[in-house]
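I have placed the structure first, in the form of structure tokens, so that the comments after it can refer back to it.
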Amino acid sequence: MNMQKIRPHLPWITLVVLVAIVGAANPGFLRPANLLEMAGDIVPLFVMALGMTFVVYIGGIDLSAQSMANLITVVATIYLATLGPFVALLCIALGFGLGYLSGFVTTRLLVPSFISTLATGGLAFSMAQWLSGQRAVTMDADQRNRVFGWMIGKTGIVPNELIIAVVLLGIALFIERRTTLGRVLKAVGAGELAAAASGINVARFKILAFAISGSLAAIAGLIFAVKLSGGAPTIA
């Protein structure tokens, strides 16, 4: 058996083996409803990882996603009462803006993404601390259910969070495989100098990758806030 062919599949094989072991010890663990519920619980983390993938494409790293999601939980909780459903637009715009800032610092000021995103994450954390008064904040449950109740509901036995995750995954795959943006991001990651020599505005696309990551981190934070009916600077 060729180990090189198996190596790319080791994460899936490990997951299946672990699920089988736990399922053998507790058969109730393998109930479809239980597995779907657990999958729904990790959707915010999946959405954050989905956004960071765009930064990985360009050979960068994004250490700000978690802090951005924390900030968004606080923003969504505090401004839900005054903005209603439009708070979602505020959250995504804020995530896009912070991601854009990371990209700008990385590309225009030539700061490594490890440092620039760490700094942006620190900024997001500080904003969350200031807005929340350094404490956890809670949503009005009735208003949350009226505005965003559909997010945490179910379609049959499938949590709606999973449907959101599948839709976002489909959009990300379409961008990656069917658009100029996706091809350019991978070209930049494979060889930035070659991409620049071919006439690509590398800086613009790198900034956009960080902005997309920030936007998806904001969506993850919004899901966190709705699921937990509140927010905190360290909730994610």
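Following the order of the structure tokens, chains are lettered A, B, ..., residues in each are numbered from 1, and ligands are numbered from 1.
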
Exercise: stretch 45-50 of chain A partners within 12 Å, only C-alpha atoms, chain neighbours under 6 positions left out, as a PyMOL selection string: chain A and resi 39+56-57+61-70+95+161-173+176+209-210+212-224+235-236

Helix (DSSP H, G or I) residues, from DSSP on the backbone, in stretch 18-232 of chain A, as a ChimeraX atom specification: /A:18-25,27-30,32-41,43-57,65-108,113-132,141-152,160-178,180-190,192-197,202-228

Please provide the set of residues having any atom within 12 Å of stretch 140-153 of chain A, restricted to only C-alpha atoms, with same-chain residues fewer than 2 positions apart removed, written as a PDB file with N, CA and C atoms, in the first residue's frame.
```
ATOM      1  N   GLU A  37     -26.600  17.677  15.433  1.00  0.00           N
ATOM      2  CA  GLU A  37     -26.568  18.715  16.460  1.00  0.00           C
ATOM      3  C   GLU A  37     -25.133  19.138  16.760  1.00  0.00           C
ATOM      4  N   GLY A  40     -23.784  21.182  13.932  1.00  0.00           N
ATOM      5  CA  GLY A  40     -24.305  22.543  13.998  1.00  0.00           C
ATOM      6  C   GLY A  40     -23.563  23.396  15.013  1.00  0.00           C
ATOM      7  N   ASP A  41     -23.110  22.771  16.107  1.00  0.00           N
ATOM      8  CA  ASP A  41     -22.411  23.524  17.153  1.00  0.00           C
ATOM      9  C   ASP A  41     -21.058  24.051  16.685  1.00  0.00           C
ATOM     10  N   VAL A  43     -20.337  25.010  13.566  1.00  0.00           N
ATOM     11  CA  VAL A  43     -20.460  25.825  12.355  1.00  0.00           C
ATOM     12  C   VAL A  43     -19.706  27.153  12.452  1.00  0.00           C
ATOM     13  N   PRO A  44     -19.803  27.893  13.579  1.00  0.00           N
ATOM     14  CA  PRO A  44     -19.047  29.152  13.634  1.00  0.00           C
ATOM     15  C   PRO A  44     -17.545  28.952  13.418  1.00  0.00           C
ATOM     16  N   ALA A  76     -23.203  42.724  17.871  1.00  0.00           N
ATOM     17  CA  ALA A  76     -24.539  42.212  17.539  1.00  0.00           C
ATOM     18  C   ALA A  76     -25.466  42.276  18.740  1.00  0.00           C
ATOM     19  N   THR A  77     -24.949  41.949  19.908  1.00  0.00           N
ATOM     20  CA  THR A  77     -25.778  41.941  21.117  1.00  0.00           C
ATOM     21  C   THR A  77     -26.204  43.352  21.515  1.00  0.00           C
ATOM     22  N   ILE A  78     -25.259  44.286  21.450  1.00  0.00           N
ATOM     23  CA  ILE A  78     -25.545  45.653  21.907  1.00  0.00           C
ATOM     24  C   ILE A  78     -26.472  46.392  20.941  1.00  0.00           C
ATOM     25  N   TYR A  79     -26.272  46.215  19.640  1.00  0.00           N
ATOM     26  CA  TYR A  79     -27.001  47.020  18.658  1.00  0.00           C
ATOM     27  C   TYR A  79     -28.218  46.315  18.047  1.00  0.00           C
ATOM     28  N   LEU A  80     -28.487  45.090  18.474  1.00  0.00           N
ATOM     29  CA  LEU A  80     -29.675  44.403  17.960  1.00  0.00           C
ATOM     30  C   LEU A  80     -30.941  45.190  18.276  1.00  0.00           C
ATOM     31  N   ALA A  81     -31.018  45.733  19.472  1.00  0.00           N
ATOM     32  CA  ALA A  81     -32.235  46.428  19.900  1.00  0.00           C
ATOM     33  C   ALA A  81     -32.527  47.658  19.037  1.00  0.00           C
ATOM     34  N   THR A  82     -31.493  48.367  18.592  1.00  0.00           N
ATOM     35  CA  THR A  82     -31.712  49.594  17.828  1.00  0.00           C
ATOM     36  C   THR A  82     -31.726  49.374  16.319  1.00  0.00           C
ATOM     37  N   LEU A  83     -30.973  48.403  15.836  1.00  0.00           N
ATOM     38  CA  LEU A  83     -30.866  48.198  14.388  1.00  0.00           C
ATOM     39  C   LEU A  83     -31.694  47.039  13.862  1.00  0.00           C
ATOM     40  N   GLY A  84     -32.118  46.156  14.733  1.00  0.00           N
ATOM     41  CA  GLY A  84     -32.893  45.004  14.267  1.00  0.00           C
ATOM     42  C   GLY A  84     -32.081  44.151  13.304  1.00  0.00           C
ATOM     43  N   PRO A  85     -32.691  43.700  12.208  1.00  0.00           N
ATOM     44  CA  PRO A  85     -31.969  42.827  11.269  1.00  0.00           C
ATOM     45  C   PRO A  85     -30.779  43.502  10.592  1.00  0.00           C
ATOM     46  N   PHE A  86     -30.781  44.850  10.567  1.00  0.00           N
ATOM     47  CA  PHE A  86     -29.682  45.565   9.918  1.00  0.00           C
ATOM     48  C   PHE A  86     -28.379  45.467  10.703  1.00  0.00           C
ATOM     49  N   VAL A  87     -28.452  44.935  11.925  1.00  0.00           N
ATOM     50  CA  VAL A  87     -27.227  44.739  12.687  1.00  0.00           C
ATOM     51  C   VAL A  87     -26.316  43.735  11.978  1.00  0.00           C
ATOM     52  N   ALA A  88     -26.910  42.826  11.203  1.00  0.00           N
ATOM     53  CA  ALA A  88     -26.099  41.865  10.455  1.00  0.00           C
ATOM     54  C   ALA A  88     -25.219  42.577   9.438  1.00  0.00           C
ATOM     55  N   VAL A 137     -22.312  40.271  27.742  1.00  0.00           N
ATOM     56  CA  VAL A 137     -23.567  40.990  27.513  1.00  0.00           C
ATOM     57  C   VAL A 137     -24.587  40.005  26.949  1.00  0.00           C
ATOM     58  N   THR A 138     -25.851  40.260  27.198  1.00  0.00           N
ATOM     59  CA  THR A 138     -26.893  39.322  26.783  1.00  0.00           C
ATOM     60  C   THR A 138     -27.920  40.009  25.892  1.00  0.00           C
ATOM     61  N   THR A 155     -34.634  22.555  10.063  1.00  0.00           N
ATOM     62  CA  THR A 155     -35.419  22.123   8.915  1.00  0.00           C
ATOM     63  C   THR A 155     -35.448  20.600   8.964  1.00  0.00           C
ATOM     64  N   GLY A 156     -36.561  20.056   9.444  1.00  0.00           N
ATOM     65  CA  GLY A 156     -36.581  18.632   9.736  1.00  0.00           C
ATOM     66  C   GLY A 156     -35.714  18.378  10.956  1.00  0.00           C
ATOM     67  N   ILE A 157     -34.709  17.511  10.789  1.00  0.00           N
ATOM     68  CA  ILE A 157     -33.770  17.280  11.888  1.00  0.00           C
ATOM     69  C   ILE A 157     -32.439  17.998  11.646  1.00  0.00           C
ATOM     70  N   VAL A 158     -32.372  18.771  10.558  1.00  0.00           N
ATOM     71  CA  VAL A 158     -31.122  19.442  10.189  1.00  0.00           C
ATOM     72  C   VAL A 158     -31.095  20.851  10.773  1.00  0.00           C
ATOM     73  N   PRO A 159     -30.128  21.168  11.628  1.00  0.00           N
ATOM     74  CA  PRO A 159     -30.013  22.540  12.157  1.00  0.00           C
ATOM     75  C   PRO A 159     -29.777  23.538  11.021  1.00  0.00           C
ATOM     76  N   ASN A 160     -30.435  24.667  11.108  1.00  0.00           N
ATOM     77  CA  ASN A 160     -30.285  25.671  10.050  1.00  0.00           C
ATOM     78  C   ASN A 160     -28.861  26.208   9.952  1.00  0.00           C
ATOM     79  N   GLU A 161     -28.100  26.130  11.056  1.00  0.00           N
ATOM     80  CA  GLU A 161     -26.695  26.548  10.979  1.00  0.00           C
ATOM     81  C   GLU A 161     -25.940  25.740   9.935  1.00  0.00           C
ATOM     82  N   LEU A 162     -26.272  24.442   9.831  1.00  0.00           N
ATOM     83  CA  LEU A 162     -25.602  23.596   8.841  1.00  0.00           C
ATOM     84  C   LEU A 162     -25.957  24.027   7.425  1.00  0.00           C
ATOM     85  N   ILE A 163     -27.198  24.431   7.225  1.00  0.00           N
ATOM     86  CA  ILE A 163     -27.604  24.902   5.898  1.00  0.00           C
ATOM     87  C   ILE A 163     -26.831  26.166   5.548  1.00  0.00           C
ATOM     88  N   ILE A 164     -26.678  27.064   6.526  1.00  0.00           N
ATOM     89  CA  ILE A 164     -25.888  28.285   6.303  1.00  0.00           C
ATOM     90  C   ILE A 164     -24.463  27.916   5.931  1.00  0.00           C
ATOM     91  N   ALA A 165     -23.891  26.950   6.660  1.00  0.00           N
ATOM     92  CA  ALA A 165     -22.506  26.533   6.395  1.00  0.00           C
ATOM     93  C   ALA A 165     -22.359  25.962   4.991  1.00  0.00           C
ATOM     94  N   ILE A 219     -19.491  36.844  10.192  1.00  0.00           N
ATOM     95  CA  ILE A 219     -20.666  35.957  10.114  1.00  0.00           C
ATOM     96  C   ILE A 219     -20.590  34.898  11.205  1.00  0.00           C
ATOM     97  N   ALA A 220     -19.390  34.366  11.425  1.00  0.00           N
ATOM     98  CA  ALA A 220     -19.201  33.379  12.492  1.00  0.00           C
ATOM     99  C   ALA A 220     -19.549  33.986  13.851  1.00  0.00           C
ATOM    100  N   LEU A 222     -21.585  36.464  14.425  1.00  0.00           N
ATOM    101  CA  LEU A 222     -23.035  36.669  14.495  1.00  0.00           C
ATOM    102  C   LEU A 222     -23.747  35.368  14.856  1.00  0.00           C
ATOM    103  N   ILE A 223     -23.308  34.266  14.259  1.00  0.00           N
ATOM    104  CA  ILE A 223     -23.901  32.960  14.583  1.00  0.00           C
ATOM    105  C   ILE A 223     -23.652  32.622  16.048  1.00  0.00           C
ATOM    106  N   PHE A 224     -22.425  32.862  16.518  1.00  0.00           N
ATOM    107  CA  PHE A 224     -22.111  32.650  17.929  1.00  0.00           C
ATOM    108  C   PHE A 224     -23.071  33.434  18.821  1.00  0.00           C
ATOM    109  N   ALA A 225     -23.238  34.716  18.511  1.00  0.00           N
ATOM    110  CA  ALA A 225     -24.068  35.581  19.349  1.00  0.00           C
ATOM    111  C   ALA A 225     -25.510  35.088  19.397  1.00  0.00           C
ATOM    112  N   VAL A 226     -26.039  34.686  18.231  1.00  0.00           N
ATOM    113  CA  VAL A 226     -27.424  34.223  18.177  1.00  0.00           C
ATOM    114  C   VAL A 226     -27.578  32.900  18.921  1.00  0.00           C
ATOM    115  N   LYS A 227     -26.625  31.981  18.740  1.00  0.00           N
ATOM    116  CA  LYS A 227     -26.720  30.677  19.407  1.00  0.00           C
ATOM    117  C   LYS A 227     -26.657  30.816  20.921  1.00  0.00           C
ATOM    118  N   LEU A 228     -25.781  31.726  21.392  1.00  0.00           N
ATOM    119  CA  LEU A 228     -25.567  31.859  22.830  1.00  0.00           C
ATOM    120  C   LEU A 228     -26.372  33.001  23.448  1.00  0.00           C
ATOM    121  N   SER A 229     -27.150  33.699  22.611  1.00  0.00           N
ATOM    122  CA  SER A 229     -27.997  34.803  23.057  1.00  0.00           C
ATOM    123  C   SER A 229     -27.204  35.861  23.815  1.00  0.00           C
ATOM    124  N   GLY A 230     -26.016  36.160  23.286  1.00  0.00           N
ATOM    125  CA  GLY A 230     -25.200  37.182  23.925  1.00  0.00           C
ATOM    126  C   GLY A 230     -23.790  37.176  23.362  1.00  0.00           C
ATOM    127  N   GLY A 231     -22.923  37.944  24.004  1.00  0.00           N
ATOM    128  CA  GLY A 231     -21.554  38.030  23.532  1.00  0.00           C
ATOM    129  C   GLY A 231     -20.609  38.398  24.644  1.00  0.00           C
TER     130      GLY A 231
END
```

Taking the backbone alone, and naming residues the way the document does, which bits of stretch 60-159 of chain A are strand (DSSP E) by DSSP, as a PDB file with all heavy atoms, in the first residue's frame?
```pdb
ATOM      1  N   VAL A 137     -22.312  40.271  27.742  1.00  0.00           N
ATOM      2  CA  VAL A 137     -23.567  40.990  27.513  1.00  0.00           C
ATOM      3  C   VAL A 137     -24.587  40.005  26.949  1.00  0.00           C
ATOM      4  O   VAL A 137     -24.228  39.015  26.306  1.00  0.00           O
ATOM      5  CB  VAL A 137     -23.374  42.175  26.541  1.00  0.00           C
ATOM      6  CG1 VAL A 137     -22.566  43.277  27.205  1.00  0.00           C
ATOM      7  CG2 VAL A 137     -22.673  41.723  25.264  1.00  0.00           C
ATOM      8  N   THR A 138     -25.851  40.260  27.198  1.00  0.00           N
ATOM      9  CA  THR A 138     -26.893  39.322  26.783  1.00  0.00           C
ATOM     10  C   THR A 138     -27.920  40.009  25.892  1.00  0.00           C
ATOM     11  O   THR A 138     -28.197  41.196  26.029  1.00  0.00           O
ATOM     12  CB  THR A 138     -27.619  38.723  28.004  1.00  0.00           C
ATOM     13  OG1 THR A 138     -28.160  39.786  28.803  1.00  0.00           O
ATOM     14  CG2 THR A 138     -26.645  37.916  28.856  1.00  0.00           C
ATOM     15  N   LYS A 154     -34.563  24.607  12.982  1.00  0.00           N
ATOM     16  CA  LYS A 154     -34.259  23.359  12.294  1.00  0.00           C
ATOM     17  C   LYS A 154     -35.167  23.191  11.084  1.00  0.00           C
ATOM     18  O   LYS A 154     -36.318  23.636  11.084  1.00  0.00           O
ATOM     19  CB  LYS A 154     -34.441  22.154  13.230  1.00  0.00           C
ATOM     20  CG  LYS A 154     -33.383  22.043  14.318  1.00  0.00           C
ATOM     21  CD  LYS A 154     -33.548  20.749  15.108  1.00  0.00           C
ATOM     22  CE  LYS A 154     -32.443  20.594  16.137  1.00  0.00           C
ATOM     23  NZ  LYS A 154     -32.580  19.334  16.894  1.00  0.00           N
ATOM     24  N   THR A 155     -34.634  22.555  10.063  1.00  0.00           N
ATOM     25  CA  THR A 155     -35.419  22.123   8.915  1.00  0.00           C
ATOM     26  C   THR A 155     -35.448  20.600   8.964  1.00  0.00           C
ATOM     27  O   THR A 155     -34.470  19.949   8.632  1.00  0.00           O
ATOM     28  CB  THR A 155     -34.786  22.605   7.599  1.00  0.00           C
ATOM     29  OG1 THR A 155     -34.686  24.038   7.615  1.00  0.00           O
ATOM     30  CG2 THR A 155     -35.625  22.171   6.407  1.00  0.00           C
ATOM     31  N   VAL A 158     -32.372  18.771  10.558  1.00  0.00           N
ATOM     32  CA  VAL A 158     -31.122  19.442  10.189  1.00  0.00           C
ATOM     33  C   VAL A 158     -31.095  20.851  10.773  1.00  0.00           C
ATOM     34  O   VAL A 158     -31.976  21.670  10.461  1.00  0.00           O
ATOM     35  CB  VAL A 158     -30.971  19.521   8.656  1.00  0.00           C
ATOM     36  CG1 VAL A 158     -29.665  20.236   8.295  1.00  0.00           C
ATOM     37  CG2 VAL A 158     -31.008  18.126   8.043  1.00  0.00           C
ATOM     38  N   PRO A 159     -30.128  21.168  11.628  1.00  0.00           N
ATOM     39  CA  PRO A 159     -30.013  22.540  12.157  1.00  0.00           C
ATOM     40  C   PRO A 159     -29.777  23.538  11.021  1.00  0.00           C
ATOM     41  O   PRO A 159     -29.008  23.265  10.093  1.00  0.00           O
ATOM     42  CB  PRO A 159     -28.790  22.455  13.083  1.00  0.00           C
ATOM     43  CG  PRO A 159     -28.646  21.009  13.419  1.00  0.00           C
ATOM     44  CD  PRO A 159     -29.116  20.266  12.203  1.00  0.00           C
TER      45      PRO A 159
END
```

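Excluding stretch 190-198 of chain A itself and same-chain residues fewer than 3 positions from it, the residues having an atom within 9 Å of it are Tyr57, Ile58, Gly59, Val184, Leu185, Lys186, Ala187, Asn201 and Val202 of chain A, counting only C-alpha atoms.
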
The selected residues should be written to file as a short mmCIF file (atom, residue, chain, number, x, y, z; two decimals), in the first residue's frame (atoms: C-alpha atoms).
```cif
data_model
loop_
_atom_site.label_atom_id
_atom_site.label_comp_id
_atom_site.auth_asym_id
_atom_site.auth_seq_id
_atom_site.Cartn_x
_atom_site.Cartn_y
_atom_site.Cartn_z
CA TYR A 57 -4.27 30.78 -0.67
CA ILE A 58 -2.04 33.86 -0.91
CA GLY A 59 0.57 32.38 1.40
CA VAL A 184 -5.64 34.91 -9.00
CA LEU A 185 -5.45 34.20 -5.25
CA LYS A 186 -3.93 30.79 -5.91
CA ALA A 187 -1.56 32.27 -8.47
CA ASN A 201 -2.45 43.94 -9.10
CA VAL A 202 -1.19 41.67 -6.33
#
```

Atom-to-atom span, atom CA of A:Ile72 and atom CA of A:Thr106, Å: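 Answer for the atom CA of A:Ile72 to atom CA of A:Thr106 separation: 22.7 Å.
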
Contacts of A:Ser116 at 7 Å (only C-alpha atoms; same-chain gap of 5+ positions) as JSON, numbers by chain: {"A": [102, 105, 106, 111]}

Interatomic distance, atom CA of A:Phe125 to atom CA of A:Ile42 (Å, one decimal):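 Atom-to-atom, atom CA of A:Phe125 and atom CA of A:Ile42 are spaced 21.6 Å apart.
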
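The shortest atom-to-atom distance to A:Gly189, with only C-alpha atoms taken into account, belongs to A:Phe54 out of A:Phe96, A:Phe114, A:Trp130, A:Phe54.
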
Length of the atom CA of A:Lys206 to atom CA of A:Phe174 vector [Å]: 18.4 Å

Nearby residues (only C-alpha atoms) at most 8 Å from A:Gly97, same-chain spacing under 4 positions excluded, as an MDAnalysis selection string: chainID A and resid 93 101 211 214

Pick from A:Asn34, A:Asn26, A:Ser113, A:Thr73, whichever lies nearest to A:Leu90 using only C-alpha atoms: A:Thr73
